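Enquirer: Structure incoming, see below.
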Amino acid sequence: MKKTYKIDVDCANCASKMEEAAKNTEGVKDAVVNFMTLKMKVEFEDGADIESVMAKVTENCKKVESDCEVFYK
């Protein structure tokens with residue numbers, strides 16, 4: 001399953017790092033962050049609990065940029 005989320009990120013370099021952080025999150029099959037549109041597209045692994053995976057994605061992204069936001073609720 002693929003979903004698109006609005007994100008709040010300050011620079012393209014941070015967006016790239018957030019993309020890697022999202023990709024490395026358990027339950028995520030693939031992720032793409034577009035700094036120009038401030039959107040994150042996430043493809044989830046089969047059977048993943050989307051809500052808990054997105055909580056982990058947000059947590060991992062905040063390690064890159066502490067004031068970033070991923071709007072998934």
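Ordering of the structure tokens sets the chain letters (A, B, ...); residue numbers start at 1 within each chain; ligands are numbered from 1 in the order shown.
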Please identify all polymer residues within 12 Å of A:Val28, counting only C-alpha atoms, omitting same-chain residues fewer than 3 positions from it, and present them as a ChimeraX atom specification.
Expert: /A:1-3,19-25,31-32,41-57
Enquirer: Going by DSSP on the backbone, which residues of stretch 1-30 of chain A come out as strand (DSSP E)? List them as a PyMOL selection string.
Expert: chain A and resi 2-8+28-30
Enquirer: As a list in words, please: every residue in chain A that DSSP puts in helix (DSSP H, G or I).
Expert: Ala12, Asn13, Cys14, Ala15, Ser16, Lys17, Met18, Glu19, Glu20, Ala21, Ala22, Lys23, Ile50, Glu51, Ser52, Val53, Met54, Ala55, Lys56, Val57, Thr58, Glu59, Asn60, Cys61, Lys62, Lys63 and Val64 of chain A
Enquirer: Looking at only C-alpha atoms, which of A:Asp30, A:Met18, A:Thr37, A:Asp8 is the one that sits closest to A:Asn60?
Expert: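 Closest to A:Asn60, using only C-alpha atoms: A:Met18.
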Enquirer: Using Å and a single decimal, report how far atom CA of A:Val64 sits from atom CA of A:Lys6.
Expert: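 A separation of 16.9 Å between them.
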Enquirer: Report, in Å to a single decimal, how far apart atom CA of A:Lys17 and atom CA of A:Lys63 are.
Expert: 9.8 Å
Enquirer: Which of these, A:Ala12, A:Phe35, A:Thr4, A:Lys29, has the shortest distance to A:Tyr72 once you count only C-alpha atoms?
Expert: A:Thr4
Enquirer: To one decimal place in Å, what is the distance between atom CA of A:Gly27 and atom CA of A:Cys11?
Expert: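 Atom CA of A:Cys11 lies 25.8 Å from atom CA of A:Gly27.
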Enquirer: Closest to A:Met36 among A:Ser16, A:Lys73, A:Asp67, A:Lys62, using only C-alpha atoms?
Expert: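 Of the candidates, the smallest distance to A:Met36 is held by A:Ser16.
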